[in-house]
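Chemist: Below is protein.cif; it holds mmCIF, N, CA and C atoms.
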data_my_file
loop_
_atom_site.label_atom_id
_atom_site.label_comp_id
_atom_site.auth_asym_id
_atom_site.auth_seq_id
_atom_site.Cartn_x
_atom_site.Cartn_y
_atom_site.Cartn_z
N MET A 1 -3.51 18.51 11.30
CA MET A 1 -4.37 17.34 11.31
C MET A 1 -3.68 16.23 12.10
N THR A 2 -4.40 15.60 12.99
CA THR A 2 -3.90 14.47 13.74
C THR A 2 -4.51 13.22 13.16
N GLY A 3 -3.66 12.22 12.90
CA GLY A 3 -4.15 10.98 12.30
C GLY A 3 -4.73 10.03 13.32
N ASP A 4 -5.65 9.21 12.87
CA ASP A 4 -6.21 8.15 13.69
C ASP A 4 -5.23 6.98 13.65
N ARG A 5 -4.54 6.75 14.76
CA ARG A 5 -3.51 5.71 14.81
C ARG A 5 -4.03 4.33 14.44
N ILE A 6 -5.21 4.00 14.90
CA ILE A 6 -5.77 2.67 14.63
C ILE A 6 -6.03 2.50 13.13
N GLN A 7 -6.62 3.50 12.51
CA GLN A 7 -6.90 3.41 11.07
C GLN A 7 -5.61 3.33 10.26
N LEU A 8 -4.65 4.18 10.61
CA LEU A 8 -3.38 4.18 9.86
C LEU A 8 -2.62 2.87 10.09
N GLN A 9 -2.70 2.34 11.28
CA GLN A 9 -2.09 1.04 11.56
C GLN A 9 -2.76 -0.04 10.72
N GLN A 10 -4.07 0.02 10.59
CA GLN A 10 -4.79 -0.97 9.79
C GLN A 10 -4.35 -0.93 8.33
N VAL A 11 -4.11 0.27 7.80
CA VAL A 11 -3.61 0.38 6.44
C VAL A 11 -2.27 -0.34 6.32
N LEU A 12 -1.38 -0.08 7.23
CA LEU A 12 -0.06 -0.70 7.20
C LEU A 12 -0.15 -2.21 7.32
N VAL A 13 -0.97 -2.70 8.24
CA VAL A 13 -1.14 -4.15 8.42
C VAL A 13 -1.68 -4.78 7.14
N ASN A 14 -2.65 -4.14 6.50
CA ASN A 14 -3.23 -4.68 5.27
C ASN A 14 -2.19 -4.72 4.14
N LEU A 15 -1.42 -3.65 3.99
CA LEU A 15 -0.41 -3.62 2.93
C LEU A 15 0.66 -4.69 3.16
N ILE A 16 1.05 -4.88 4.41
CA ILE A 16 2.06 -5.90 4.73
C ILE A 16 1.48 -7.30 4.49
N ALA A 17 0.24 -7.53 4.90
CA ALA A 17 -0.39 -8.84 4.67
C ALA A 17 -0.51 -9.12 3.17
N ASN A 18 -0.89 -8.12 2.39
CA ASN A 18 -0.98 -8.30 0.93
C ASN A 18 0.39 -8.62 0.34
N ALA A 19 1.42 -7.95 0.81
CA ALA A 19 2.78 -8.21 0.32
C ALA A 19 3.19 -9.64 0.64
N ASN A 20 2.88 -10.07 1.85
CA ASN A 20 3.20 -11.43 2.27
C ASN A 20 2.47 -12.45 1.39
N ASP A 21 1.19 -12.21 1.14
CA ASP A 21 0.41 -13.10 0.27
C ASP A 21 1.00 -13.15 -1.13
N SER A 22 1.45 -12.01 -1.63
CA SER A 22 1.99 -11.91 -2.98
C SER A 22 3.28 -12.72 -3.14
N MET A 23 4.01 -12.87 -2.05
CA MET A 23 5.29 -13.59 -2.12
C MET A 23 5.17 -15.07 -1.77
N ALA A 24 3.99 -15.53 -1.37
CA ALA A 24 3.81 -16.89 -0.87
C ALA A 24 4.25 -17.97 -1.84
N ASN A 25 3.97 -17.78 -3.11
CA ASN A 25 4.28 -18.83 -4.11
C ASN A 25 5.37 -18.42 -5.08
N VAL A 26 6.22 -17.50 -4.67
CA VAL A 26 7.30 -17.02 -5.53
C VAL A 26 8.57 -17.81 -5.22
N GLU A 27 9.24 -18.25 -6.26
CA GLU A 27 10.52 -18.94 -6.10
C GLU A 27 11.62 -17.91 -5.84
N GLY A 28 12.65 -18.32 -5.16
CA GLY A 28 13.78 -17.44 -4.90
C GLY A 28 13.58 -16.61 -3.64
N SER A 29 14.38 -15.59 -3.53
CA SER A 29 14.34 -14.78 -2.32
C SER A 29 13.03 -14.00 -2.21
N ARG A 30 12.61 -13.82 -0.97
CA ARG A 30 11.41 -13.03 -0.68
C ARG A 30 11.83 -11.91 0.25
N VAL A 31 11.62 -10.68 -0.22
CA VAL A 31 12.02 -9.52 0.57
C VAL A 31 10.83 -8.58 0.70
N LEU A 32 10.52 -8.23 1.93
CA LEU A 32 9.47 -7.25 2.21
C LEU A 32 10.15 -6.10 2.93
N SER A 33 9.94 -4.89 2.46
CA SER A 33 10.55 -3.73 3.12
C SER A 33 9.48 -2.69 3.42
N VAL A 34 9.64 -2.06 4.56
CA VAL A 34 8.77 -0.96 4.97
C VAL A 34 9.67 0.22 5.21
N ARG A 35 9.34 1.33 4.57
CA ARG A 35 10.18 2.52 4.67
C ARG A 35 9.31 3.74 4.94
N SER A 36 9.79 4.63 5.77
CA SER A 36 9.08 5.88 5.99
C SER A 36 10.04 7.03 5.78
N GLU A 37 9.51 8.14 5.32
CA GLU A 37 10.34 9.32 5.07
C GLU A 37 9.49 10.58 5.08
N ILE A 38 10.13 11.69 5.36
CA ILE A 38 9.49 13.00 5.24
C ILE A 38 9.81 13.52 3.84
N GLU A 39 8.78 13.83 3.08
CA GLU A 39 8.98 14.34 1.73
C GLU A 39 9.34 15.82 1.76
N SER A 40 9.79 16.34 0.64
CA SER A 40 10.24 17.73 0.57
C SER A 40 9.13 18.72 0.92
N ASP A 41 7.86 18.35 0.69
CA ASP A 41 6.75 19.25 1.03
C ASP A 41 6.28 19.08 2.47
N GLY A 42 6.96 18.21 3.24
CA GLY A 42 6.62 18.00 4.63
C GLY A 42 5.67 16.83 4.88
N ASP A 43 5.11 16.25 3.82
CA ASP A 43 4.24 15.09 4.00
C ASP A 43 5.07 13.89 4.46
N VAL A 44 4.39 12.94 5.07
CA VAL A 44 5.03 11.70 5.50
C VAL A 44 4.64 10.62 4.50
N ARG A 45 5.64 9.90 3.99
CA ARG A 45 5.37 8.79 3.07
C ARG A 45 5.83 7.49 3.71
N VAL A 46 4.95 6.50 3.65
CA VAL A 46 5.29 5.14 4.08
C VAL A 46 5.13 4.26 2.85
N SER A 47 6.16 3.45 2.59
CA SER A 47 6.13 2.54 1.45
C SER A 47 6.31 1.11 1.92
N VAL A 48 5.52 0.22 1.33
CA VAL A 48 5.63 -1.22 1.59
C VAL A 48 5.93 -1.86 0.24
N ALA A 49 7.12 -2.46 0.13
CA ALA A 49 7.55 -3.06 -1.13
C ALA A 49 7.82 -4.54 -0.91
N ASP A 50 7.56 -5.33 -1.96
CA ASP A 50 7.80 -6.77 -1.86
C ASP A 50 8.41 -7.28 -3.16
N THR A 51 8.86 -8.51 -3.13
CA THR A 51 9.38 -9.17 -4.32
C THR A 51 8.44 -10.29 -4.74
N GLY A 52 7.16 -10.01 -4.67
CA GLY A 52 6.13 -10.98 -5.04
C GLY A 52 5.78 -10.93 -6.50
N THR A 53 4.53 -11.24 -6.79
CA THR A 53 4.08 -11.35 -8.17
C THR A 53 3.81 -10.00 -8.82
N GLY A 54 3.70 -8.94 -8.04
CA GLY A 54 3.47 -7.61 -8.60
C GLY A 54 2.03 -7.39 -9.00
N VAL A 55 1.77 -6.23 -9.55
CA VAL A 55 0.44 -5.87 -10.04
C VAL A 55 0.53 -5.77 -11.55
N HIS A 56 -0.30 -6.54 -12.23
CA HIS A 56 -0.29 -6.52 -13.70
C HIS A 56 -0.71 -5.15 -14.21
N ALA A 57 -0.12 -4.74 -15.32
CA ALA A 57 -0.38 -3.41 -15.89
C ALA A 57 -1.87 -3.15 -16.10
N GLU A 58 -2.61 -4.18 -16.52
CA GLU A 58 -4.04 -3.98 -16.78
C GLU A 58 -4.85 -3.80 -15.49
N ASP A 59 -4.24 -4.10 -14.34
CA ASP A 59 -4.94 -3.97 -13.07
C ASP A 59 -4.60 -2.68 -12.31
N ILE A 60 -3.59 -1.95 -12.75
CA ILE A 60 -3.13 -0.75 -12.04
C ILE A 60 -4.27 0.24 -11.81
N ASP A 61 -5.08 0.48 -12.82
CA ASP A 61 -6.15 1.49 -12.71
C ASP A 61 -7.33 1.03 -11.87
N ARG A 62 -7.44 -0.27 -11.60
CA ARG A 62 -8.60 -0.74 -10.84
C ARG A 62 -8.26 -1.46 -9.54
N ILE A 63 -6.99 -1.52 -9.19
CA ILE A 63 -6.55 -2.26 -8.01
C ILE A 63 -7.18 -1.72 -6.71
N PHE A 64 -7.53 -0.44 -6.69
CA PHE A 64 -8.13 0.16 -5.49
C PHE A 64 -9.65 0.22 -5.55
N ASN A 65 -10.25 -0.30 -6.61
CA ASN A 65 -11.71 -0.30 -6.73
C ASN A 65 -12.34 -1.31 -5.78
N PRO A 66 -13.47 -0.95 -5.16
CA PRO A 66 -14.17 -1.92 -4.32
C PRO A 66 -14.59 -3.15 -5.14
N LEU A 67 -14.47 -4.30 -4.54
CA LEU A 67 -14.84 -5.59 -5.10
C LEU A 67 -13.89 -6.11 -6.17
N PHE A 68 -12.81 -5.40 -6.46
CA PHE A 68 -11.81 -5.91 -7.40
C PHE A 68 -10.76 -6.67 -6.60
N THR A 69 -10.50 -7.90 -7.01
CA THR A 69 -9.48 -8.70 -6.33
C THR A 69 -8.74 -9.57 -7.33
N THR A 70 -7.51 -9.88 -7.02
CA THR A 70 -6.73 -10.83 -7.80
C THR A 70 -6.52 -12.11 -6.99
N LYS A 71 -7.03 -12.14 -5.77
CA LYS A 71 -6.87 -13.30 -4.88
C LYS A 71 -8.08 -14.22 -5.00
N SER A 72 -7.81 -15.52 -5.06
CA SER A 72 -8.93 -16.45 -4.98
C SER A 72 -9.46 -16.40 -3.55
N GLY A 73 -10.73 -16.19 -3.42
CA GLY A 73 -11.32 -16.07 -2.10
C GLY A 73 -11.22 -14.67 -1.51
N GLY A 74 -10.63 -13.73 -2.25
CA GLY A 74 -10.54 -12.36 -1.76
C GLY A 74 -11.86 -11.63 -1.94
N MET A 75 -12.09 -10.66 -1.08
CA MET A 75 -13.33 -9.88 -1.17
C MET A 75 -13.16 -8.59 -1.97
N GLY A 76 -11.94 -8.16 -2.16
CA GLY A 76 -11.70 -6.95 -2.93
C GLY A 76 -12.03 -5.67 -2.19
N MET A 77 -11.96 -5.70 -0.88
CA MET A 77 -12.29 -4.50 -0.10
C MET A 77 -11.06 -3.89 0.58
N GLY A 78 -10.02 -4.67 0.82
CA GLY A 78 -8.87 -4.20 1.59
C GLY A 78 -8.22 -2.94 1.05
N LEU A 79 -7.84 -2.94 -0.22
CA LEU A 79 -7.17 -1.77 -0.78
C LEU A 79 -8.12 -0.59 -0.95
N ALA A 80 -9.38 -0.87 -1.23
CA ALA A 80 -10.37 0.22 -1.33
C ALA A 80 -10.53 0.91 0.02
N ILE A 81 -10.59 0.13 1.08
CA ILE A 81 -10.70 0.70 2.43
C ILE A 81 -9.43 1.46 2.78
N CYS A 82 -8.29 0.87 2.45
CA CYS A 82 -7.01 1.56 2.72
C CYS A 82 -6.96 2.92 2.04
N ARG A 83 -7.36 2.95 0.78
CA ARG A 83 -7.33 4.23 0.06
C ARG A 83 -8.28 5.23 0.70
N SER A 84 -9.47 4.79 1.10
CA SER A 84 -10.41 5.74 1.70
C SER A 84 -9.89 6.26 3.04
N ILE A 85 -9.21 5.42 3.81
CA ILE A 85 -8.61 5.88 5.07
C ILE A 85 -7.54 6.92 4.80
N ILE A 86 -6.66 6.63 3.87
CA ILE A 86 -5.58 7.57 3.56
C ILE A 86 -6.15 8.88 3.03
N GLU A 87 -7.12 8.82 2.15
CA GLU A 87 -7.73 10.04 1.61
C GLU A 87 -8.45 10.82 2.71
N ALA A 88 -9.06 10.13 3.67
CA ALA A 88 -9.71 10.81 4.80
C ALA A 88 -8.70 11.55 5.67
N HIS A 89 -7.44 11.14 5.58
CA HIS A 89 -6.35 11.80 6.30
C HIS A 89 -5.64 12.84 5.42
N GLY A 90 -6.27 13.21 4.31
CA GLY A 90 -5.71 14.23 3.44
C GLY A 90 -4.57 13.75 2.58
N GLY A 91 -4.46 12.44 2.38
CA GLY A 91 -3.32 11.89 1.64
C GLY A 91 -3.74 11.15 0.40
N ARG A 92 -2.81 10.35 -0.09
CA ARG A 92 -3.07 9.53 -1.27
C ARG A 92 -2.35 8.21 -1.14
N LEU A 93 -2.86 7.20 -1.83
CA LEU A 93 -2.31 5.85 -1.82
C LEU A 93 -2.18 5.41 -3.27
N TRP A 94 -0.99 4.92 -3.64
CA TRP A 94 -0.78 4.48 -5.01
C TRP A 94 0.19 3.30 -5.02
N VAL A 95 0.29 2.66 -6.18
CA VAL A 95 1.17 1.51 -6.36
C VAL A 95 2.11 1.77 -7.52
N SER A 96 3.31 1.20 -7.42
CA SER A 96 4.28 1.25 -8.50
C SER A 96 5.01 -0.08 -8.56
N PRO A 97 5.63 -0.39 -9.70
CA PRO A 97 6.40 -1.63 -9.78
C PRO A 97 7.62 -1.56 -8.86
N ASN A 98 8.01 -2.70 -8.32
CA ASN A 98 9.24 -2.79 -7.54
C ASN A 98 10.30 -3.44 -8.42
N THR A 99 11.55 -3.19 -8.12
CA THR A 99 12.65 -3.76 -8.90
C THR A 99 13.40 -4.75 -8.03
N PRO A 100 13.71 -5.93 -8.46
CA PRO A 100 13.56 -6.48 -9.82
C PRO A 100 12.18 -7.06 -10.11
N ARG A 101 11.38 -7.30 -9.05
CA ARG A 101 10.02 -7.79 -9.26
C ARG A 101 9.18 -7.39 -8.05
N GLY A 102 7.88 -7.50 -8.22
CA GLY A 102 6.98 -7.19 -7.12
C GLY A 102 6.31 -5.85 -7.27
N ALA A 103 5.80 -5.37 -6.15
CA ALA A 103 5.06 -4.11 -6.13
C ALA A 103 5.48 -3.28 -4.93
N ALA A 104 5.29 -1.98 -5.05
CA ALA A 104 5.53 -1.07 -3.94
C ALA A 104 4.28 -0.21 -3.79
N PHE A 105 3.70 -0.25 -2.60
CA PHE A 105 2.54 0.57 -2.28
C PHE A 105 3.01 1.73 -1.43
N HIS A 106 2.56 2.93 -1.79
CA HIS A 106 3.00 4.15 -1.12
C HIS A 106 1.79 4.90 -0.57
N ALA A 107 1.89 5.30 0.67
CA ALA A 107 0.87 6.12 1.31
C ALA A 107 1.53 7.41 1.77
N SER A 108 0.99 8.51 1.34
CA SER A 108 1.52 9.82 1.70
C SER A 108 0.43 10.61 2.41
N VAL A 109 0.72 11.11 3.60
CA VAL A 109 -0.25 11.89 4.35
C VAL A 109 0.41 13.17 4.86
N VAL A 110 -0.43 14.16 5.12
CA VAL A 110 0.05 15.44 5.63
C VAL A 110 0.58 15.24 7.04
N ARG A 111 1.74 15.75 7.28
CA ARG A 111 2.36 15.65 8.60
C ARG A 111 1.68 16.62 9.55
N SER A 112 1.38 16.16 10.72
CA SER A 112 0.73 16.99 11.74
C SER A 112 1.65 18.13 12.15
N ALA A 113 1.10 19.30 12.36
CA ALA A 113 1.88 20.45 12.78
C ALA A 113 2.51 20.22 14.16
N SER A 114 1.90 19.34 14.97
CA SER A 114 2.43 19.09 16.29
C SER A 114 3.45 17.96 16.31
N ALA A 115 3.70 17.34 15.15
CA ALA A 115 4.64 16.22 15.09
C ALA A 115 6.07 16.67 15.18
#
Could you write out this structure as structure tokens?
Modeler:
Amino acid sequence: MTGDRIQLQQVLVNLIANANDSMANVEGSRVLSVRSEIESDGDVRVSVADTGTGVHAEDIDRIFNPLFTTKSGGMGMGLAICRSIIEAHGGRLWVSPNTPRGAAFHASVVRSASA
């Protein structure tokens, strides 16, 4: 499977923008990290982690739902679109807590045989 570079880039841009927004009003250090790796099964994982406000436990199950947002003025479509793009590429998108604070979003997609 060959990925659509523009769509995958849009996912990354959205996750980075969300991380930046999450850290806007946080006191102390602000760290955003982007990491990529080949998993043991050959899939490619990209993770975007921040030291922002994180995702509240009650929101974990609905953070990717269309029209769900925690941002004032947000439309609630960004993460839903990101998940649909990743799933269309045979992958998955999920969130986990970051340490010591914040969130880490992970996208895992099947690595192309020609890569």
Chemist: To verify the selection step, state as a PyMOL selection string which residues the PyMOL selection byres ((chain A and resi 30) around 7) yields on this input.
Modeler: chain A and resi 23+27-29+31-32+50-52
Chemist: Assuming the chain letters and numbering stay as they are in my file, what does the PyMOL selection byres (((chain A and resi 80 and name CA) around 6) and name CA) actually select? List them as a VMD selection string.
Modeler: chain A and resid 64 to 66 77 to 79 81 to 83
Chemist: Looking at only N, CA and C atoms, which of A:Arg101, A:Gly54, A:Ile38, A:Ile63 is the one that sits closest to Gly76 in chain A?
Modeler: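 For Gly76 in chain A, the nearest of the given residues is A:Ile63.
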Chemist: Report as a ChimeraX atom specification the full result of the PyMOL selection byres ((chain A and resi 40-45) around 7) when it is applied to this structure.
Modeler: /A:35-39,46-47,106-111
Chemist: Which residue, A:Ala103, A:Val48, A:His89, A:Asn98, has the smallest gap to Asp4 in chain A when you use only N, CA and C atoms?
Modeler: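 Counting only N, CA and C atoms, the residue closest to Asp4 in chain A is A:His89.
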Chemist: Could you work out how far CA of Glu58 in chain A lies from CA of Trp94 in chain A, giving the answer in Å with one decimal?
Modeler: 14.9 Å
Chemist: Run DSSP on the backbone and tell me which residues of range 13-45 of chain A come out as strand (DSSP E or B); list them as an mmCIF file with N, CA and C atoms, in the coordinates of the input.
Modeler:
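The resulting selection_25.cif:
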data_model
loop_
_atom_site.group_PDB
_atom_site.id
_atom_site.type_symbol
_atom_site.label_atom_id
_atom_site.label_comp_id
_atom_site.auth_asym_id
_atom_site.auth_seq_id
_atom_site.Cartn_x
_atom_site.Cartn_y
_atom_site.Cartn_z
ATOM 1 N N LEU A 32 10.520 -8.230 1.930
ATOM 2 C CA LEU A 32 9.470 -7.250 2.210
ATOM 3 C C LEU A 32 10.150 -6.100 2.930
ATOM 4 N N SER A 33 9.940 -4.890 2.460
ATOM 5 C CA SER A 33 10.550 -3.730 3.120
ATOM 6 C C SER A 33 9.480 -2.690 3.420
ATOM 7 N N VAL A 34 9.640 -2.060 4.560
ATOM 8 C CA VAL A 34 8.770 -0.960 4.970
ATOM 9 C C VAL A 34 9.670 0.220 5.210
ATOM 10 N N ARG A 35 9.340 1.330 4.570
ATOM 11 C CA ARG A 35 10.180 2.520 4.670
ATOM 12 C C ARG A 35 9.310 3.740 4.940
ATOM 13 N N SER A 36 9.790 4.630 5.770
ATOM 14 C CA SER A 36 9.080 5.880 5.990
ATOM 15 C C SER A 36 10.040 7.030 5.780
ATOM 16 N N GLU A 37 9.510 8.140 5.320
ATOM 17 C CA GLU A 37 10.340 9.320 5.070
ATOM 18 C C GLU A 37 9.490 10.580 5.080
ATOM 19 N N ILE A 38 10.130 11.690 5.360
ATOM 20 C CA ILE A 38 9.490 13.000 5.240
ATOM 21 C C ILE A 38 9.810 13.520 3.840
ATOM 22 N N VAL A 44 4.390 12.940 5.070
ATOM 23 C CA VAL A 44 5.030 11.700 5.500
ATOM 24 C C VAL A 44 4.640 10.620 4.500
ATOM 25 N N ARG A 45 5.640 9.900 3.990
ATOM 26 C CA ARG A 45 5.370 8.790 3.070
ATOM 27 C C ARG A 45 5.830 7.490 3.710
#
Chemist: Quote the spacing between atom N of Pro97 in chain A and atom N of Val55 in chain A in Å to one decimal place.
Modeler: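 Computed distance, atom N of Pro97 in chain A to atom N of Val55 in chain A, equals 7.0 Å.
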Chemist: Would you please work out which residue, of A:Val95, A:Thr53, A:Ala104, A:Gly90, is nearest to Ser22 in chain A when using only N, CA and C atoms?
Modeler: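 Closest to Ser22 in chain A, using only N, CA and C atoms: A:Thr53.
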Chemist: For CA of Ser84 in chain A and atom C of Gly102 in chain A, determine how far apart the two atoms are, in Å to one decimal place.
Modeler: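 Result for CA of Ser84 in chain A versus atom C of Gly102 in chain A: 22.2 Å, one decimal.
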